[in-house]
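Written below as structure tokens is the structure these notes are about.
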Amino acid sequence: MAMLPLPEEQMIDRYGPHLTYEPAGGWQTSEAPDRLVQTHCCFCGVQCGIQLKVRDEKVVGFEPWTDFPVNQGKLCPKGVKRYLQNNHPDRILAPLVRTSDGFREVEWNEALTQVVENIKRIQSTYGKDAFALLGGASLTNEKAYLMGKFARVALGTANIDYNGRLCMVSAAAGNKMAFGIDRAANPWSDIPLAQCIIVTGSNIGECFPILTDYLWRARDNGAKLIVIDPRITPIARTADLFLPVRPGRDSALMNGILHLMIERDWINHTFITEHTVDFDKVQEAVATYTPQYTAEITGVPAASIIKAAEMWGEAPTSMLLHARGIEHHTKGVENVLSCINLVLATGRIGRPGCGYGTITGQGNGQGGREHGQRCNQLPGGRDIDNPRHRQEIATFWGIQEQDLPQKGLTAVELFDAINDGKIKGLLSISFNPMVSLPNAALTRAALEKLEFYAAIEPFMSETARHADVVLAGSLQEEDEGTVTSGEGRVIRLRQSVKPPANARVDWQIIVEIAQRLGKGEFFSYNQAGDIFSELARASAGGPIDYAGITYKRIEENKGVFWPCPTREHPGTPRLFEGGQFAHSDGKARFHAIQYRPPAEDIDADYPLFMTSGRVVSQYLSGTQTRRIGPLVDQYPNPQVEMHPQLALKLGVKSGDQVRVESRRGELTLPALVVKTIRPDTIFIPYHWPGHLSANRVTNRVLDPISKIPEFKVCAVRVSKSSCGTLASSVIASEAKQSLLEKELASSPAAPRNDTGLPVLRRVLGYATEQRG
Amino acid sequence: MTMEFFVDPSRCIGCQACFQACAECDSHRGISMIHLDFVDRSSSPQTTPTVCMHCEDPTCAKVCPADAIKQTAEGIVQSALKPRCIGCSNCVLSCPFGVPRYMPAQDQMMKCDMCYDRTSMGLSPMCATVCPSGALYYGPREMLAQMRRETPTNTFVFGRRVVKTKVSMMVGQEADALDIDVSNFMAGAEH
């Protein structure tokens, strides 16, 4: 079945990850590029504008795109080096079919024949739903729409979901429940206008670095910044107020702040009466959350909670921003709703400098969740269990409503179903669950049980290694289309170069499978723009309305904000103006939230909290960024961040190998001893596979509504490993690095920091210090 | 309006976009010249970027026994001239800001040249263009004054030695010079 066809070492040897450092053709200073293509970064939800340099039909570098209004030329290190994924030696250049000793390159006909035969065989043997699809939020809107339609119309399976299930779904559900619509309420240009900003559960400096400038501009304008996080992040370092919340206590903290605002009458009674419902229930729910009670739960001093309420309560304008830190919980939706309560109570929403937003983590974290790629959703943000919505889409697609599948399983549940033998076949695109799902051992066991697995990928991800057929797909710069950034701005991706050799554009692969399944009449597209026109028409009248958006309008305006129902409509950068919300009565909903503990709390056996997250130089499961040399050098391997008080107790210093164990698994990594994390908590970044994977220990328990796993809190124990100190392996990765070390060893002046690790500073001009 | 370079480490988030982008400046050919340091990672995520300050009267050039370090008409202090550089590292030891580095692979002192190939053509330096936090800023002084409360200074007082630079450092509102040494504050100190 879908076992690894080769030992892991041989897989890595053949398919990587290998590291690239230089552009195609080497460093050429004199030759001008053949063209500069104005497009966007392929990584986070900020979707920075960037100009890719193309020479000899290869992407060889970048030039800042200073005219694009969101980032004005600014980029993070991932954006700077993203071009190195192009022309990469690991690139899959032709379809691959598994053999007894690895993979062999085949013609498209052979690969697609195998895929189609297996889809038909599995569906006729076990039923339509036994074949599942998994998509991703790095896909364009066009591909997200296509995947949803492909599942329902070509395959007739209910089981399609996407990796946004690990990312945005708590925020999406919370937004929909409170506001009746799922989108950040404000454009980012509102951030500098806010007088008080709460950032909770968002390491903006590392995960959305470009938004730093928006925060700093707000502070230049006199804004107060409140950061809530178990770690002193780069943003928290200079915050006016830092609340070091104990992991898994976010809703209690929000309730505590709201309690004080009600007590001191810093709430907007008129707004609450005219534009919201159920405030009385919230008032009752937060009555017990006195500063003392809240402090006991959250580990945040009562005085700081009072200070936060004072700053937030009386501010004339304000923004509340959050990200996965509060969303990756078994109560992710409740945490989101508790934040929204705090915003609604002030009435500070729907005005310049007043609002709220979740910051999307994935490149198309917003658009990827709008057009029907989710198990419970149809195009235009429609609900698959809403009879009217079903009829609208069935009619639009030209099928019978009863032929439209019902709600399917979410991503994590889908792997449980594979493990239980209920799902026998899988086609995935842009999803690497071997790294990104909690409890990696379970994910692997599930993959090995599949009768057939096909993956559309440009690189051999840790998950694609298990595939029977790997369909050589496209990188972002090899296709065109649109994505919708974290502020709801629909933007245009340009094709910079064509897919190399025998690789193909993703959407053409999907369309051809549909044709071979005899459903070609529903998928007659000649270009990505045809799919966009269709998805825009499909969205008309739905909760997420793109009907008035065209490629031309996006290009002319450097993006259009949805909802945009007609060609004449200017788009909607700011939602909820005039206190008008998207529920049928026009009112927002308060939700009374009672704090409850995480699924797994600390105890005598597992006495420490473990939380996971990103580092600035890596992106998601690292399928792309672990192949880019300079980004790998910046933070080569995961480390366990811990406080000196904990380190002292464990007898550990920075660089020592420590063993982290939970009830699911264990891993051994070097410690990074820093005063910037709560002493009862450890942090491990999650971008790595196998024995380096943080998801060996994370808890695979889901939020009951959003079905997001609890990545951000579980219980672990930590001990010093007998493996000793492996400082060199922490830092060194490539020959280039070894050179640095020799340089250091021969230099008596080589500075050392107090962690005991050599600080590779300013040697060969190559700054590679330990990163947090 | 004249374009100038300003550094404000207090805004830095340590993302290293500057470091990665510096290598992408055409003439740098993959070598980064900017320094990005943690002040003390065990205590804080505080980082600080260091570009060449481009001294008006550069110490590095004065101490170079091979006369390898030249200043352009615009005041840009360049890397050592490859045919002249003898790798003695006098410049490395003498720079008050810790900027020049001897690069063994190139057998040459190389340092930040404010992306001379870009700035001389009217483009902004790579590091300041991409910097997400505004810790590095390249633009008109007047525009900066409108945006920020801090003020720039280009006068650094090391003991009794005053160094004036082309690049400015953002400091608290009232300071017109940065005093580096305790002796600056002692009786008898004179600038």
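Naming works like this for the structure tokens: A, B, ... for the chains as they're shown, residue 1 at the start of each chain, ligands 1 onward in shown order.
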
| request: Would you kindly return, as a list of chain:residue names, each protein, DNA or RNA residue with an atom no farther than 10 Å from any atom of Ala21 (chain B), considering only C-alpha atoms and excluding same-chain residues fewer than 2 positions away? | output: A:Phe62, A:Glu63, A:Pro64, A:Leu75, A:Cys76, A:Pro77, A:Gly79, A:Val80, A:Lys81, B:Gln16, B:Ala17, B:Cys18, B:Phe19, B:Ala23, B:Glu24, B:Cys25, B:Gly30, B:Ile31, B:Ser32, B:Met33, B:Ile34, B:Pro125, B:Met126, B:Cys127, B:Ala128, B:Thr129, B:Val130, B:Cys131

| request: Could you please tell me, as a list in words, which residues of chain A have an atom within 6 Å of chain B when using only C-alpha atoms? | output: Trp27, Thr29, Gly73, Lys74, Leu75, Cys76, Pro77, Val80, Gly205, Pro209, Ile210, Thr212, Asp213, Asp220, Pro234, Val674, Lys675, Leu764 and Gly765 of chain A

Would you put the residues from that selection into a file with N, CA and C atoms, as a PDB file, in the first residue's frame?
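Listed below is the output, selection20.pdb:
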ATOM      1  N   TRP A  27      25.654  33.986 -10.200  1.00  0.00           N
ATOM      2  CA  TRP A  27      25.514  35.424  -9.928  1.00  0.00           C
ATOM      3  C   TRP A  27      26.007  36.204 -11.121  1.00  0.00           C
ATOM      4  N   THR A  29      26.186  39.782 -12.787  1.00  0.00           N
ATOM      5  CA  THR A  29      25.944  41.177 -12.427  1.00  0.00           C
ATOM      6  C   THR A  29      25.660  42.050 -13.635  1.00  0.00           C
ATOM      7  N   GLY A  73       7.389  47.557  -1.335  1.00  0.00           N
ATOM      8  CA  GLY A  73       8.747  47.060  -1.562  1.00  0.00           C
ATOM      9  C   GLY A  73       9.306  46.252  -0.410  1.00  0.00           C
ATOM     10  N   LYS A  74       8.676  46.361   0.760  1.00  0.00           N
ATOM     11  CA  LYS A  74       9.187  45.630   1.928  1.00  0.00           C
ATOM     12  C   LYS A  74       8.976  44.127   1.737  1.00  0.00           C
ATOM     13  N   LEU A  75       9.889  43.361   2.292  1.00  0.00           N
ATOM     14  CA  LEU A  75       9.794  41.905   2.221  1.00  0.00           C
ATOM     15  C   LEU A  75      10.421  41.312   3.460  1.00  0.00           C
ATOM     16  N   CYS A  76      10.038  40.088   3.797  1.00  0.00           N
ATOM     17  CA  CYS A  76      10.732  39.361   4.857  1.00  0.00           C
ATOM     18  C   CYS A  76      11.765  38.445   4.200  1.00  0.00           C
ATOM     19  N   PRO A  77      12.582  37.743   4.986  1.00  0.00           N
ATOM     20  CA  PRO A  77      13.626  36.924   4.345  1.00  0.00           C
ATOM     21  C   PRO A  77      13.053  35.840   3.433  1.00  0.00           C
ATOM     22  N   VAL A  80      12.412  37.501   0.156  1.00  0.00           N
ATOM     23  CA  VAL A  80      13.666  37.831  -0.529  1.00  0.00           C
ATOM     24  C   VAL A  80      14.226  36.605  -1.243  1.00  0.00           C
ATOM     25  N   GLY A 205       6.061  39.807  14.208  1.00  0.00           N
ATOM     26  CA  GLY A 205       7.417  40.068  13.720  1.00  0.00           C
ATOM     27  C   GLY A 205       8.021  38.896  12.959  1.00  0.00           C
ATOM     28  N   PRO A 209       5.923  39.597   9.040  1.00  0.00           N
ATOM     29  CA  PRO A 209       6.857  40.690   9.368  1.00  0.00           C
ATOM     30  C   PRO A 209       6.455  42.043   8.791  1.00  0.00           C
ATOM     31  N   ILE A 210       5.815  42.043   7.624  1.00  0.00           N
ATOM     32  CA  ILE A 210       5.510  43.318   6.966  1.00  0.00           C
ATOM     33  C   ILE A 210       4.509  44.129   7.788  1.00  0.00           C
ATOM     34  N   THR A 212       4.571  44.595  10.792  1.00  0.00           N
ATOM     35  CA  THR A 212       5.301  45.330  11.825  1.00  0.00           C
ATOM     36  C   THR A 212       5.264  46.828  11.538  1.00  0.00           C
ATOM     37  N   ASP A 213       5.487  47.164  10.284  1.00  0.00           N
ATOM     38  CA  ASP A 213       5.524  48.579   9.901  1.00  0.00           C
ATOM     39  C   ASP A 213       4.192  49.262  10.223  1.00  0.00           C
ATOM     40  N   ASP A 220       4.002  55.441  16.236  1.00  0.00           N
ATOM     41  CA  ASP A 220       4.488  56.789  15.897  1.00  0.00           C
ATOM     42  C   ASP A 220       3.369  57.814  16.051  1.00  0.00           C
ATOM     43  N   PRO A 234       9.375  39.423  19.186  1.00  0.00           N
ATOM     44  CA  PRO A 234      10.010  40.699  18.797  1.00  0.00           C
ATOM     45  C   PRO A 234       9.061  41.898  18.898  1.00  0.00           C
ATOM     46  N   VAL A 674      16.292  30.862  27.196  1.00  0.00           N
ATOM     47  CA  VAL A 674      16.008  32.290  27.023  1.00  0.00           C
ATOM     48  C   VAL A 674      15.021  32.763  28.080  1.00  0.00           C
ATOM     49  N   LYS A 675      15.188  33.994  28.478  1.00  0.00           N
ATOM     50  CA  LYS A 675      14.281  34.554  29.483  1.00  0.00           C
ATOM     51  C   LYS A 675      12.974  35.026  28.864  1.00  0.00           C
ATOM     52  N   LEU A 764      32.991  36.290   7.936  1.00  0.00           N
ATOM     53  CA  LEU A 764      32.670  36.275   6.505  1.00  0.00           C
ATOM     54  C   LEU A 764      31.410  37.087   6.229  1.00  0.00           C
ATOM     55  N   GLY A 765      31.131  38.034   7.077  1.00  0.00           N
ATOM     56  CA  GLY A 765      29.934  38.844   6.876  1.00  0.00           C
ATOM     57  C   GLY A 765      28.681  38.017   6.974  1.00  0.00           C
TER      58      GLY A 765
END

| request: Counting only C-alpha atoms, figure out which residue out of A:Asp603, A:Asp250, A:Asp403, A:Glu370 gets nearest to Ala144 (chain A). | output: A:Glu370

| said: Just want the 9 Å neighbourhood of Arg504 (chain A), counted on only C-alpha atoms, with same-chain residues fewer than 6 positions away dropped. Output as number ranges by chain. | reply: A: 93-94, 471-474, 478, 498

| Which residues, written as a PyMOL selection string, have at least one atom at most 6 Å from region 287-292 of chain A, with only C-alpha atoms counted and residues fewer than 2 positions away on the same chain left out? | chain A and resi 256+284-285+294-295+302

Produce a file of the selected residues containing N, CA and C atoms, as a PDB file, in the first residue's frame.
ATOM      1  N   GLY A 256     -11.891  38.574  31.515  1.00  0.00           N
ATOM      2  CA  GLY A 256     -11.430  39.397  32.631  1.00  0.00           C
ATOM      3  C   GLY A 256     -11.347  40.870  32.255  1.00  0.00           C
ATOM      4  N   GLU A 284     -23.522  38.551  32.018  1.00  0.00           N
ATOM      5  CA  GLU A 284     -23.713  37.566  33.089  1.00  0.00           C
ATOM      6  C   GLU A 284     -22.513  36.607  33.147  1.00  0.00           C
ATOM      7  N   ALA A 285     -22.048  36.210  31.961  1.00  0.00           N
ATOM      8  CA  ALA A 285     -20.960  35.224  31.905  1.00  0.00           C
ATOM      9  C   ALA A 285     -19.661  35.764  32.479  1.00  0.00           C
ATOM     10  N   THR A 294      -9.349  36.076  37.337  1.00  0.00           N
ATOM     11  CA  THR A 294      -8.733  35.974  36.007  1.00  0.00           C
ATOM     12  C   THR A 294      -7.231  35.735  36.133  1.00  0.00           C
ATOM     13  N   ALA A 295      -6.620  36.420  37.085  1.00  0.00           N
ATOM     14  CA  ALA A 295      -5.181  36.255  37.287  1.00  0.00           C
ATOM     15  C   ALA A 295      -4.849  34.816  37.677  1.00  0.00           C
ATOM     16  N   ALA A 302      -3.009  40.579  38.208  1.00  0.00           N
ATOM     17  CA  ALA A 302      -4.258  41.341  38.213  1.00  0.00           C
ATOM     18  C   ALA A 302      -4.012  42.796  37.803  1.00  0.00           C
TER      19      ALA A 302
END

| said: Residues near Asp468 (chain A), anyone? I mean within 10 Å using only C-alpha atoms, not counting same-chain ones fewer than 6 positions away, as a PyMOL selection string. | reply: chain A and resi 1-5+96-99+103+111+114-115+450-455

Only N, CA and C atoms, please: the residues just picked out, written as a PDB file, in the first residue's frame.
ATOM      1  N   MET A   1       0.846  -1.178   0.000  1.00  0.00           N
ATOM      2  CA  MET A   1       0.000   0.000   0.000  1.00  0.00           C
ATOM      3  C   MET A   1       0.890   1.238   0.000  1.00  0.00           C
ATOM      4  N   ALA A   2       0.403   2.338   0.558  1.00  0.00           N
ATOM      5  CA  ALA A   2       1.168   3.577   0.396  1.00  0.00           C
ATOM      6  C   ALA A   2       2.321   3.686   1.395  1.00  0.00           C
ATOM      7  N   MET A   3       3.157   2.649   1.401  1.00  0.00           N
ATOM      8  CA  MET A   3       4.337   2.683   2.253  1.00  0.00           C
ATOM      9  C   MET A   3       5.457   3.406   1.495  1.00  0.00           C
ATOM     10  N   LEU A   4       6.499   3.789   2.225  1.00  0.00           N
ATOM     11  CA  LEU A   4       7.638   4.404   1.546  1.00  0.00           C
ATOM     12  C   LEU A   4       8.271   3.381   0.617  1.00  0.00           C
ATOM     13  N   PRO A   5       8.485   3.718  -0.658  1.00  0.00           N
ATOM     14  CA  PRO A   5       9.075   2.754  -1.583  1.00  0.00           C
ATOM     15  C   PRO A   5      10.589   2.578  -1.382  1.00  0.00           C
ATOM     16  N   LEU A  96       5.536  10.688 -11.781  1.00  0.00           N
ATOM     17  CA  LEU A  96       6.275   9.555 -11.212  1.00  0.00           C
ATOM     18  C   LEU A  96       5.286   8.478 -10.792  1.00  0.00           C
ATOM     19  N   VAL A  97       5.662   7.246 -11.066  1.00  0.00           N
ATOM     20  CA  VAL A  97       4.850   6.114 -10.619  1.00  0.00           C
ATOM     21  C   VAL A  97       5.718   5.245  -9.728  1.00  0.00           C
ATOM     22  N   ARG A  98       5.138   4.809  -8.636  1.00  0.00           N
ATOM     23  CA  ARG A  98       5.903   4.015  -7.682  1.00  0.00           C
ATOM     24  C   ARG A  98       6.260   2.645  -8.284  1.00  0.00           C
ATOM     25  N   THR A  99       7.481   2.234  -8.018  1.00  0.00           N
ATOM     26  CA  THR A  99       7.918   0.890  -8.417  1.00  0.00           C
ATOM     27  C   THR A  99       8.384   0.169  -7.161  1.00  0.00           C
ATOM     28  N   PHE A 103      10.653   5.341  -7.509  1.00  0.00           N
ATOM     29  CA  PHE A 103       9.713   5.900  -8.471  1.00  0.00           C
ATOM     30  C   PHE A 103      10.363   5.890  -9.847  1.00  0.00           C
ATOM     31  N   ALA A 111       0.456   7.901 -16.136  1.00  0.00           N
ATOM     32  CA  ALA A 111       0.172   8.344 -14.766  1.00  0.00           C
ATOM     33  C   ALA A 111      -1.317   8.628 -14.579  1.00  0.00           C
ATOM     34  N   GLN A 114      -3.536   5.547 -14.535  1.00  0.00           N
ATOM     35  CA  GLN A 114      -3.505   4.888 -13.218  1.00  0.00           C
ATOM     36  C   GLN A 114      -4.403   5.601 -12.213  1.00  0.00           C
ATOM     37  N   VAL A 115      -4.319   6.924 -12.222  1.00  0.00           N
ATOM     38  CA  VAL A 115      -5.121   7.700 -11.271  1.00  0.00           C
ATOM     39  C   VAL A 115      -6.608   7.448 -11.520  1.00  0.00           C
ATOM     40  N   LEU A 450      -3.757   3.278   2.829  1.00  0.00           N
ATOM     41  CA  LEU A 450      -4.490   3.643   1.616  1.00  0.00           C
ATOM     42  C   LEU A 450      -4.258   2.611   0.509  1.00  0.00           C
ATOM     43  N   GLU A 451      -5.323   2.322  -0.229  1.00  0.00           N
ATOM     44  CA  GLU A 451      -5.156   1.437  -1.390  1.00  0.00           C
ATOM     45  C   GLU A 451      -4.526   2.193  -2.552  1.00  0.00           C
ATOM     46  N   PHE A 452      -4.853   3.465  -2.627  1.00  0.00           N
ATOM     47  CA  PHE A 452      -4.257   4.277  -3.694  1.00  0.00           C
ATOM     48  C   PHE A 452      -4.126   5.714  -3.223  1.00  0.00           C
ATOM     49  N   TYR A 453      -2.960   6.280  -3.495  1.00  0.00           N
ATOM     50  CA  TYR A 453      -2.724   7.670  -3.126  1.00  0.00           C
ATOM     51  C   TYR A 453      -1.984   8.371  -4.259  1.00  0.00           C
ATOM     52  N   ALA A 454      -2.555   9.465  -4.726  1.00  0.00           N
ATOM     53  CA  ALA A 454      -1.881  10.291  -5.734  1.00  0.00           C
ATOM     54  C   ALA A 454      -1.698  11.695  -5.180  1.00  0.00           C
ATOM     55  N   ALA A 455      -0.556  12.305  -5.476  1.00  0.00           N
ATOM     56  CA  ALA A 455      -0.269  13.663  -4.990  1.00  0.00           C
ATOM     57  C   ALA A 455       0.127  14.547  -6.164  1.00  0.00           C
TER      58      ALA A 455
END

| request: Run DSSP on the backbone and give me the residues of region 522-729 of chain A it puts in strand (DSSP E), as an MDAnalysis selection string. | output: chainID A and resid 560:561 588:589 608:613 640:642 656:661 666:673 681:685 699:702 709:710 714:725

| task | Tell me which protein, DNA and RNA residues are within 10 Å of Gln71 (chain B), counting only C-alpha atoms, leaving out same-chain ones fewer than 6 positions away, and put them as a PyMOL selection string. | result | chain B and resi 54-58+61+77-79+113

| Shell of 9 Å around Met170 (chain B), only C-alpha atoms, local chain residues under 2 positions omitted, as a list in words | Phe6, Val7, Asp8, Pro9, Ser10, Glu150, Thr151, Pro152, Thr153, Asn154, Ser168, Gly172 and Gln173 of chain B

N, CA and C atoms of the current selection, written as a PDB file, in the first residue's frame:
ATOM      1  N   PHE B   6      18.977  56.144   7.289  1.00  0.00           N
ATOM      2  CA  PHE B   6      18.761  56.272   8.735  1.00  0.00           C
ATOM      3  C   PHE B   6      18.601  54.884   9.361  1.00  0.00           C
ATOM      4  N   VAL B   7      19.191  54.724  10.545  1.00  0.00           N
ATOM      5  CA  VAL B   7      19.114  53.436  11.247  1.00  0.00           C
ATOM      6  C   VAL B   7      18.422  53.641  12.595  1.00  0.00           C
ATOM      7  N   ASP B   8      17.448  52.777  12.901  1.00  0.00           N
ATOM      8  CA  ASP B   8      16.777  52.834  14.202  1.00  0.00           C
ATOM      9  C   ASP B   8      16.654  51.419  14.771  1.00  0.00           C
ATOM     10  N   PRO B   9      17.681  50.958  15.500  1.00  0.00           N
ATOM     11  CA  PRO B   9      17.666  49.572  15.990  1.00  0.00           C
ATOM     12  C   PRO B   9      16.467  49.265  16.897  1.00  0.00           C
ATOM     13  N   SER B  10      15.875  50.287  17.510  1.00  0.00           N
ATOM     14  CA  SER B  10      14.775  50.008  18.438  1.00  0.00           C
ATOM     15  C   SER B  10      13.576  49.409  17.709  1.00  0.00           C
ATOM     16  N   GLU B 150      11.334  60.258  16.856  1.00  0.00           N
ATOM     17  CA  GLU B 150      12.769  60.272  17.100  1.00  0.00           C
ATOM     18  C   GLU B 150      13.436  61.216  16.090  1.00  0.00           C
ATOM     19  N   THR B 151      14.637  61.652  16.444  1.00  0.00           N
ATOM     20  CA  THR B 151      15.346  62.537  15.513  1.00  0.00           C
ATOM     21  C   THR B 151      16.682  61.914  15.133  1.00  0.00           C
ATOM     22  N   PRO B 152      17.182  62.244  13.949  1.00  0.00           N
ATOM     23  CA  PRO B 152      18.441  61.637  13.517  1.00  0.00           C
ATOM     24  C   PRO B 152      19.651  62.406  14.016  1.00  0.00           C
ATOM     25  N   THR B 153      20.727  61.668  14.276  1.00  0.00           N
ATOM     26  CA  THR B 153      22.011  62.326  14.519  1.00  0.00           C
ATOM     27  C   THR B 153      23.070  61.595  13.714  1.00  0.00           C
ATOM     28  N   ASN B 154      24.053  62.345  13.290  1.00  0.00           N
ATOM     29  CA  ASN B 154      25.170  61.700  12.592  1.00  0.00           C
ATOM     30  C   ASN B 154      26.487  62.047  13.275  1.00  0.00           C
ATOM     31  N   SER B 168      22.731  58.267   9.378  1.00  0.00           N
ATOM     32  CA  SER B 168      22.303  58.806  10.681  1.00  0.00           C
ATOM     33  C   SER B 168      21.652  57.725  11.530  1.00  0.00           C
ATOM     34  N   GLY B 172      16.631  59.709  20.767  1.00  0.00           N
ATOM     35  CA  GLY B 172      15.586  60.418  21.481  1.00  0.00           C
ATOM     36  C   GLY B 172      15.478  61.854  21.011  1.00  0.00           C
ATOM     37  N   GLN B 173      14.343  62.447  21.204  1.00  0.00           N
ATOM     38  CA  GLN B 173      14.012  63.711  20.572  1.00  0.00           C
ATOM     39  C   GLN B 173      15.051  64.826  20.740  1.00  0.00           C
TER      40      GLN B 173
END
